[in-house]
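Student: Structure file coords.cif, mmCIF, C-alpha atoms (C1' of nucleotides), is pasted below:
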```cif
data_protein
loop_
_atom_site.label_atom_id
_atom_site.label_comp_id
_atom_site.auth_asym_id
_atom_site.auth_seq_id
_atom_site.Cartn_x
_atom_site.Cartn_y
_atom_site.Cartn_z
CA MET A 1 10.65 4.36 -7.99
CA CYS A 2 8.17 6.03 -5.84
CA GLY A 3 7.66 5.77 -2.10
CA ARG A 4 7.08 9.36 -0.97
CA ILE A 5 4.96 12.11 -2.43
CA ASN A 6 4.40 15.82 -2.06
CA ILE A 7 0.85 17.15 -2.22
CA ASP A 8 0.45 20.89 -2.57
CA ALA A 9 -3.32 20.93 -2.21
CA ARG A 10 -4.11 24.35 -3.58
CA ARG A 11 -1.94 24.18 -6.69
CA LEU A 12 -3.02 20.63 -7.41
CA THR A 13 -6.76 21.20 -7.05
CA ASP A 14 -6.73 24.39 -9.08
CA TYR A 15 -4.82 22.71 -11.87
CA LEU A 16 -7.07 19.66 -12.01
CA THR A 17 -10.20 21.74 -11.95
CA ASP A 18 -8.93 23.61 -14.99
CA LEU A 19 -7.70 20.53 -16.78
CA PHE A 20 -10.29 17.82 -16.14
CA ALA A 21 -13.06 19.71 -14.39
CA CYS A 22 -12.80 17.31 -11.48
CA GLU A 23 -12.82 18.15 -7.82
CA LEU A 24 -9.98 16.86 -5.73
CA ALA A 25 -10.29 16.61 -1.97
CA VAL A 26 -6.73 16.67 -0.70
CA ALA A 27 -4.76 18.21 2.11
CA ASP A 28 -1.24 19.56 2.09
CA ASP A 29 1.31 16.88 2.80
CA ALA A 30 4.92 17.36 1.80
CA ASN A 31 5.76 13.81 2.82
CA LEU A 32 2.96 11.41 2.05
CA SER A 33 3.93 7.77 2.52
CA PRO A 34 2.58 4.33 1.62
CA THR A 35 -0.57 3.26 3.50
CA GLN A 36 -1.76 6.84 3.65
CA SER A 37 -4.69 8.23 1.67
CA LEU A 38 -4.30 9.56 -1.83
CA ALA A 39 -6.69 11.20 -4.25
CA VAL A 40 -6.64 9.38 -7.58
CA LEU A 41 -8.30 10.00 -10.93
CA ARG A 42 -10.54 7.47 -12.59
CA GLY A 43 -12.20 7.49 -15.96
CA GLY A 44 -15.88 7.01 -16.62
CA ALA A 45 -17.57 5.51 -19.66
CA ASP A 46 -18.52 8.99 -20.80
CA GLY A 47 -14.92 10.09 -20.78
CA GLN A 48 -15.50 12.06 -17.64
CA ILE A 49 -12.68 11.98 -15.12
CA SER A 50 -13.45 11.95 -11.43
CA ALA A 51 -11.47 11.75 -8.25
CA ALA A 52 -11.62 9.19 -5.46
CA GLU A 53 -9.78 8.80 -2.22
CA MET A 54 -7.80 5.60 -1.83
CA ARG A 55 -5.31 3.91 0.42
CA TRP A 56 -1.86 3.88 -1.09
CA TRP A 57 -1.22 0.14 -0.82
CA LEU A 58 -3.26 -2.01 -3.10
CA THR A 59 -5.34 -4.69 -1.44
CA PRO A 60 -6.55 -7.24 -4.02
CA HIS A 61 -10.27 -7.91 -3.95
CA TRP A 62 -9.56 -11.50 -2.97
CA ALA A 63 -7.25 -10.71 -0.05
CA LYS A 64 -8.27 -12.07 3.33
CA ALA A 65 -7.41 -8.80 5.00
CA PRO A 66 -5.90 -5.44 4.07
CA THR A 67 -2.47 -6.15 5.49
CA THR A 68 0.93 -4.84 4.43
CA GLU A 69 2.34 -8.34 4.24
CA TYR A 70 3.32 -7.84 0.63
CA SER A 71 4.75 -4.74 -1.00
CA MET A 72 1.81 -3.39 -2.93
CA PHE A 73 2.47 0.35 -3.09
CA ASN A 74 4.36 -0.13 -6.34
CA ALA A 75 3.66 -2.50 -9.21
CA LYS A 76 6.19 -3.31 -11.90
CA ALA A 77 4.84 -2.24 -15.25
CA GLU A 78 6.71 -5.14 -16.83
CA THR A 79 4.62 -7.74 -15.04
CA ALA A 80 1.41 -5.97 -14.06
CA ALA A 81 -0.54 -7.55 -16.92
CA THR A 82 0.05 -11.06 -15.65
CA SER A 83 0.61 -10.87 -11.91
CA PRO A 84 -2.30 -12.28 -9.88
CA ALA A 85 -2.56 -9.19 -7.74
CA PHE A 86 -2.47 -6.64 -10.53
CA ARG A 87 -3.77 -8.12 -13.77
CA ARG A 88 -7.43 -7.41 -13.14
CA PRO A 89 -6.76 -3.84 -12.03
CA TYR A 90 -4.48 -3.47 -15.05
CA ARG A 91 -7.27 -4.46 -17.39
CA ARG A 92 -10.16 -2.64 -15.80
CA GLN A 93 -9.09 -0.49 -12.89
CA ARG A 94 -6.45 1.91 -13.98
CA CYS A 95 -6.02 5.25 -12.32
CA VAL A 96 -3.83 8.31 -12.49
CA ILE A 97 -2.24 9.75 -9.39
CA PRO A 98 -1.66 13.47 -9.63
CA VAL A 99 1.19 14.61 -7.39
CA SER A 100 3.02 17.86 -6.90
CA GLY A 101 6.25 15.91 -6.87
CA TYR A 102 7.88 12.87 -5.33
CA TYR A 103 11.10 11.83 -3.60
CA GLU A 104 13.84 9.51 -4.64
CA TRP A 105 16.80 8.34 -2.58
CA GLN A 106 20.18 7.97 -4.17
CA ARG A 107 22.39 5.46 -2.41
CA ASP A 108 26.12 5.85 -2.34
CA ASP A 109 29.03 5.19 -0.02
CA ASN A 110 27.98 8.04 2.23
CA GLY A 111 24.49 6.67 2.68
CA LYS A 112 21.28 7.92 1.16
CA GLN A 113 20.69 11.30 -0.40
CA PRO A 114 17.05 12.25 -0.94
CA PHE A 115 15.98 14.26 -4.00
CA TYR A 116 12.72 16.00 -4.67
CA ILE A 117 11.54 15.53 -8.26
CA TYR A 118 8.94 17.82 -9.75
CA HIS A 119 7.91 19.59 -12.91
CA ALA A 120 9.63 22.92 -13.34
CA ASP A 121 6.64 24.71 -14.83
CA ARG A 122 3.54 22.64 -14.15
CA PRO A 123 1.74 22.11 -10.85
CA ALA A 124 1.45 18.33 -11.23
CA LEU A 125 3.02 15.12 -12.38
CA PHE A 126 0.64 12.44 -13.63
CA LEU A 127 1.67 9.00 -12.46
CA ALA A 128 0.10 5.82 -13.80
CA GLY A 129 -1.52 3.59 -11.21
CA LEU A 130 -3.97 0.77 -10.55
CA TRP A 131 -6.72 0.42 -7.99
CA ASP A 132 -8.92 -2.26 -6.50
CA ALA A 133 -11.86 -2.53 -4.13
CA TRP A 134 -11.80 -4.80 -1.12
CA SER A 135 -14.42 -5.74 1.41
CA ALA A 136 -14.33 -8.33 4.15
CA SER A 137 -17.20 -10.30 2.66
CA SER A 138 -15.55 -10.67 -0.74
CA GLY A 139 -12.08 -11.51 0.42
CA ASN A 140 -12.64 -13.18 3.75
CA ALA A 141 -13.94 -16.74 3.77
CA VAL A 142 -17.24 -15.78 5.33
CA ALA A 143 -19.72 -18.65 5.45
CA GLY A 144 -22.68 -18.23 3.17
CA SER A 145 -21.13 -15.78 0.74
CA ARG A 146 -21.86 -16.87 -2.81
CA ASP A 147 -20.50 -13.89 -4.63
CA SER A 148 -18.97 -15.53 -7.63
CA SER A 149 -20.11 -12.97 -10.16
CA GLY A 150 -16.62 -11.50 -10.20
CA LYS A 151 -17.75 -7.90 -10.18
CA ALA A 152 -17.51 -6.20 -6.86
CA GLN A 153 -16.78 -2.63 -7.85
CA SER A 154 -18.04 0.23 -5.89
CA THR A 155 -19.55 2.82 -8.16
CA ALA A 156 -20.56 5.13 -5.41
CA ALA A 157 -17.64 7.38 -4.63
CA GLY A 158 -18.23 7.78 -0.91
CA SER A 159 -14.90 9.24 -0.05
CA ALA A 160 -15.60 10.26 3.53
CA ALA A 161 -16.27 6.74 4.73
CA ILE A 162 -13.28 5.41 2.86
CA GLN A 163 -11.11 7.98 4.47
CA ALA A 164 -12.10 6.58 7.84
CA ALA A 165 -11.25 3.08 6.70
CA CYS A 166 -7.89 4.08 5.32
CA SER A 167 -6.73 6.00 8.33
CA ASP A 168 -7.13 3.11 10.73
CA LYS A 169 -4.73 0.43 11.74
CA THR A 170 -4.99 -2.96 10.10
CA THR A 171 -2.97 -5.27 12.24
CA ASN A 172 -3.66 -8.68 13.62
CA MET A 173 -2.19 -9.66 16.93
CA GLN A 174 -4.98 -11.91 18.13
CA GLU A 175 -2.65 -14.86 18.37
CA ARG A 176 -1.01 -13.73 21.54
CA ARG A 177 -4.27 -12.65 23.11
CA ARG A 178 -5.79 -16.07 22.54
CA GLN A 179 -2.88 -17.84 24.19
CA THR A 180 -2.79 -15.69 27.28
CA ALA A 181 -6.52 -15.84 27.70
CA GLY A 182 -6.37 -19.62 27.88
CA ALA A 183 -3.20 -19.94 29.88
CA ASP A 184 -4.26 -17.68 32.69
CA ARG A 185 -7.50 -19.50 33.31
CA PRO A 186 -7.71 -21.37 36.64
CA LEU A 187 -8.27 -25.09 36.51
CA ASP A 188 -11.70 -24.73 38.04
CA GLU A 189 -13.79 -23.61 35.09
CA THR A 190 -17.14 -23.44 36.82
CA GLN A 191 -18.36 -19.88 37.19
CA PRO A 192 -21.71 -18.32 37.95
CA MET A 193 -23.56 -17.25 34.80
CA PRO A 194 -26.03 -14.39 34.54
CA PRO A 195 -29.64 -15.53 34.07
CA GLY A 196 -30.45 -16.41 30.50
CA VAL A 197 -26.85 -16.84 29.40
CA THR A 198 -26.06 -20.34 28.27
CA GLN A 199 -22.47 -20.04 27.09
CA THR A 200 -19.69 -21.29 29.30
CA PRO A 201 -16.94 -18.79 30.07
CA ARG A 202 -14.52 -20.60 27.79
CA GLN A 203 -16.88 -20.52 24.85
CA SER A 204 -17.62 -16.90 25.33
CA GLU A 205 -13.93 -16.14 25.40
CA LEU A 206 -13.38 -17.99 22.17
CA TRP A 207 -16.28 -16.18 20.70
CA SER A 208 -14.99 -12.79 21.64
CA ASP A 209 -11.60 -13.64 20.19
CA VAL A 210 -13.06 -14.71 16.91
CA SER A 211 -15.43 -11.82 16.66
CA GLU A 212 -12.60 -9.48 17.49
CA ALA A 213 -10.53 -10.89 14.69
CA GLN A 214 -13.36 -10.56 12.22
CA SER A 215 -14.95 -7.34 13.33
CA GLU A 216 -11.62 -5.63 13.20
CA HIS A 217 -12.00 -5.26 9.47
CA GLN A 218 -15.74 -5.30 9.21
CA GLN A 219 -15.83 -2.16 11.25
CA GLN A 220 -13.63 -0.58 8.67
CA SER A 221 -15.14 -1.91 5.51
CA ASP A 222 -18.34 -3.87 5.64
CA LEU A 223 -20.13 -1.40 7.81
CA LEU A 224 -18.74 1.45 5.77
CA GLN A 225 -17.67 1.32 2.14
CA PRO A 226 -15.43 -1.20 0.46
CA LEU A 227 -11.80 -0.29 0.91
CA LEU A 228 -10.47 1.41 -2.18
CA SER A 229 -6.73 1.14 -2.59
CA CYS A 230 -4.17 1.91 -5.23
CA THR A 231 -0.62 1.32 -6.38
CA LEU A 232 1.88 3.19 -8.53
CA LEU A 233 3.38 1.59 -11.61
CA THR A 234 7.14 1.62 -11.93
CA THR A 235 9.40 0.99 -14.87
CA ALA A 236 13.11 0.95 -15.64
CA ALA A 237 14.62 4.37 -15.18
CA HIS A 238 15.18 6.62 -18.17
CA PRO A 239 18.93 7.06 -18.71
CA SER A 240 18.74 10.58 -17.40
CA MET A 241 17.03 9.37 -14.23
CA ALA A 242 19.23 6.31 -13.84
CA ARG A 243 21.97 8.47 -12.35
CA ILE A 244 19.81 8.68 -9.27
CA HIS A 245 17.97 5.39 -9.26
CA HIS A 246 17.33 2.45 -11.56
CA ARG A 247 13.55 2.54 -11.27
CA GLN A 248 11.08 5.34 -11.79
CA PRO A 249 7.32 5.89 -11.83
CA VAL A 250 5.41 5.73 -15.11
CA PHE A 251 4.92 9.34 -16.16
CA LEU A 252 1.94 10.37 -18.28
CA THR A 253 1.15 13.59 -20.10
CA GLU A 254 -2.36 14.97 -19.68
CA HIS A 255 -3.32 13.44 -22.98
CA GLU A 256 -1.80 10.11 -22.05
CA ALA A 257 -3.61 10.28 -18.75
CA GLN A 258 -6.87 10.49 -20.68
CA GLN A 259 -5.87 7.45 -22.69
CA TRP A 260 -4.82 5.54 -19.63
CA LEU A 261 -8.22 6.16 -18.07
CA THR A 262 -10.27 5.13 -21.08
CA PRO A 263 -12.30 2.17 -19.79
CA ASN A 264 -12.40 -0.21 -22.74
CA ILE A 265 -9.16 0.59 -24.47
CA THR A 266 -6.98 -2.45 -25.20
CA THR A 267 -4.06 -3.00 -22.89
CA GLU A 268 -2.02 -3.55 -26.02
CA SER A 269 -2.53 0.05 -27.06
CA LEU A 270 -1.43 1.18 -23.61
CA GLN A 271 1.84 -0.68 -23.78
CA PRO A 272 3.85 2.28 -25.17
CA LEU A 273 2.86 4.40 -22.19
CA LEU A 274 4.75 2.10 -19.88
CA ALA A 275 8.11 2.78 -21.46
CA SER A 276 10.92 4.51 -19.59
CA ARG A 277 10.05 8.09 -20.44
CA LEU A 278 10.39 11.38 -18.65
CA PRO A 279 8.21 14.42 -19.13
CA HIS A 280 10.08 17.38 -20.52
CA GLY A 281 11.07 19.82 -17.79
CA LEU A 282 11.69 17.72 -14.70
CA ASN A 283 13.75 19.23 -11.92
CA LEU A 284 15.91 17.34 -9.46
CA ARG A 285 16.39 19.05 -6.11
CA PRO A 286 18.61 17.72 -3.33
CA VAL A 287 16.83 17.95 0.00
CA SER A 288 17.75 17.17 3.58
CA THR A 289 17.36 13.78 5.21
CA TYR A 290 14.72 15.50 7.31
CA VAL A 291 12.32 14.00 4.78
CA ASN A 292 13.44 10.48 5.66
CA ASN A 293 11.11 10.40 8.63
CA ALA A 294 7.59 10.05 7.29
CA ARG A 295 6.19 11.93 10.29
CA GLN A 296 7.69 15.15 9.04
CA LYS A 297 4.96 16.67 6.94
CA GLY A 298 5.94 20.29 6.60
CA PRO A 299 7.59 22.36 3.86
CA ARG A 300 11.03 21.79 5.32
CA CYS A 301 10.89 18.45 3.49
CA LEU A 302 11.04 20.42 0.24
CA GLN A 303 13.77 22.85 1.16
CA PRO A 304 16.74 22.74 -1.22
CA ILE A 305 20.13 21.97 0.28
CA GLY A 306 22.08 22.39 -2.95
CA GLU A 307 22.00 23.12 -6.65
CA GLU A 308 19.01 21.91 -8.62
CA ARG A 309 19.53 19.98 -11.80
CA LYS A 310 17.41 19.61 -14.90
CA LEU A 311 16.61 16.16 -16.18
CA THR A 312 16.69 15.86 -19.92
CA GLY A 313 13.58 14.04 -21.05
"C1'" DC B 1 10.03 4.82 0.70
"C1'" DC B 2 12.55 5.18 5.62
"C1'" DA B 3 12.44 4.83 10.83
"C1'" DG B 4 11.93 2.29 14.67
"C1'" DA B 5 10.81 -1.62 17.17
"C1'" DC B 6 11.98 -6.10 18.35
"C1'" DG B 7 9.24 -7.76 25.54
"C1'" DT B 8 6.88 -9.10 29.93
"C1'" DT B 9 4.54 -8.49 34.26
"C1'" DG B 10 1.89 -5.89 36.94
"C1'" DT B 11 -0.35 -1.77 38.26
"C1'" DT B 12 -3.34 2.22 37.69
"C1'" DG C 1 -9.84 -15.26 -7.50
"C1'" DT C 2 -6.36 -18.13 -9.66
"C1'" DC C 3 -2.12 -20.40 -10.14
"C1'" DT C 4 1.77 -23.35 -8.44
"C1'" DG C 5 3.72 -26.91 -5.69
"C1'" DG C 6 3.36 -31.06 -3.09
"C1'" DC D 1 -6.88 -33.23 -4.39
"C1'" DC D 2 -5.57 -29.24 -0.80
"C1'" DA D 3 -2.29 -25.55 0.80
"C1'" DG D 4 -0.19 -21.48 0.09
"C1'" DA D 5 1.21 -17.67 -2.43
"C1'" DC D 6 -0.13 -13.57 -4.54
"C1'" DG D 7 5.03 -8.00 -4.00
"C1'" DT D 8 8.86 -4.45 -4.50
"C1'" DT D 9 13.42 -2.71 -3.77
"C1'" DG D 10 18.00 -3.51 -3.10
"C1'" DT D 11 22.01 -6.26 -2.21
"C1'" DT D 12 25.08 -9.99 -2.74
"C1'" DG E 1 17.43 -9.58 10.23
"C1'" DT E 2 12.59 -8.55 9.70
"C1'" DC E 3 8.29 -6.56 10.47
"C1'" DT E 4 5.19 -2.55 11.49
"C1'" DG E 5 3.95 2.22 11.32
"C1'" DG E 6 3.89 6.64 9.07
#
```
For this file, produce the structure as structure tokens.
Tutor:
Amino acid sequence: MCGRINIDARRLTDYLTDLFACELAVADDANLSPTQSLAVLRGGADGQISAAEMRWWLTPHWAKAPTTEYSMFNAKAETAATSPAFRRPYRRQRCVIPVSGYYEWQRDDNGKQPFYIYHADRPALFLAGLWDAWSASSGNAVAGSRDSSGKAQSTAAGSAAIQAACSDKTTNMQERRRQTAGADRPLDETQPMPPGVTQTPRQSELWSDVSEAQSEHQQQSDLLQPLLSCTLLTTAAHPSMARIHHRQPVFLTEHEAQQWLTPNITTESLQPLLASRLPHGLNLRPVSTYVNNARQKGPRCLQPIGEERKLTG
DNA sequence: CCAGACGTTGTT
DNA sequence: GTCTGG
DNA sequence: CCAGACGTTGTT
DNA sequence: GTCTGG
């Protein structure tokens, strides 16, 4: 399957400019991991393909918060059409994730051996994905929101603001704070209030806890742009790939990528693209476990430690 | 995906 | 948002 | 009706 | 074992 990615910014952007005339804003990262930002391709009604920056961990539009409670960086192609989290994206919000290559770990008795998988003579692999847009007001149960129209897409591709949203933490540990705040309070509650303030100390504490819990995400999304996020589709491994791992990403050719991004195409006609196929010319390169740690971002992640193999598509 | 934490009190 | 389980 | 899940991989 | 962070 697919949990780590290599982005060679220069090669990738040049290639995509040539191919789809779209501008990709990416930075070098030889070890990009789930919850980080990715540039993905989306299709417009006019057939034009454009890029958008998204968090690699799909947050459904109805989610209460953009947590990592569920594994959403991959979606099984076999069930994407029906799963609650993915079916709407599958119908209307497909994307293609262009990568320079990705990593796969082979498990054996000795442990885990990482491999770098890339195209021998092209600068990119096209991986099929899905995306969604989330904002606190659509997912959170905010009083007074009557947004039942079911269409909350963001058409404006404000990637800078989204980048800010994606790069921040999204944790909730208010539970503990609430408890300690109450427990430490002396029995005598009476305290002098500033003029004009009518709240008791206890109320104001509760208030700050609640507003903390809510504003945590509103700062990221409501005040900025909706959070755009994406996931990579996986399928059963092609026999040639199965030697390494029993799952693999859904690979698309450039032409298939165009199909995949066609807005109103029937999902039925896309079915064949989800099969266990490999592009012709994949290379399999054993690399060091240096890549295991997602903080290592440099080219040493890509360095071969043995013979490369060709995968027969 | 893998690595690393997993806890509290008190002090600055 | 939508479905399943109680 | 309301509450709670909604996901993947891998391992046994 | 399980969750969070990268």
Student: Any idea which chain E residues end up within 9 Å of chain A if we count only C-alpha atoms (C1' of nucleotides), as JSON, numbers by chain please?
Tutor: {"E": [3, 4, 5, 6]}
Student: Any chance you could work out the residue set of the PyMOL selection byres ((chain D) within 9 of (chain A)) here, as a list in words?
Tutor: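 That selection, the PyMOL selection byres ((chain D) within 9 of (chain A)), comes back as DC6, DG7, DT8 and DT9 of chain D.
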Student: Suppose you want the space between CA of Gln258 (chain A) and CA of His246 (chain A); what is it in Å?
Tutor: 27.1 Å
Student: Evaluate the PyMOL selection byres ((chain A and resi 77-82) around 10) and record the selected residues as a list in words, following the chain and residue labels used in the document.
Tutor: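 Checking the PyMOL selection byres ((chain A and resi 77-82) around 10) against this file, the residues are Asn74, Ala75, Lys76, Ser83, Pro84, Ala85, Phe86, Arg87, Arg88, Pro89, Tyr90, Arg91, Ala128, Gly129, Leu130, Leu232, Leu233, Thr234, Thr235, Ala236, Pro249, Val250, Thr267, Gln271, Leu273, Leu274 and Ala275 of chain A.
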Student: Just the number, please: distance in Å from CA of Cys301 (chain A) to CA of Gly313 (chain A), one decimal.
Tutor: 25.1 Å
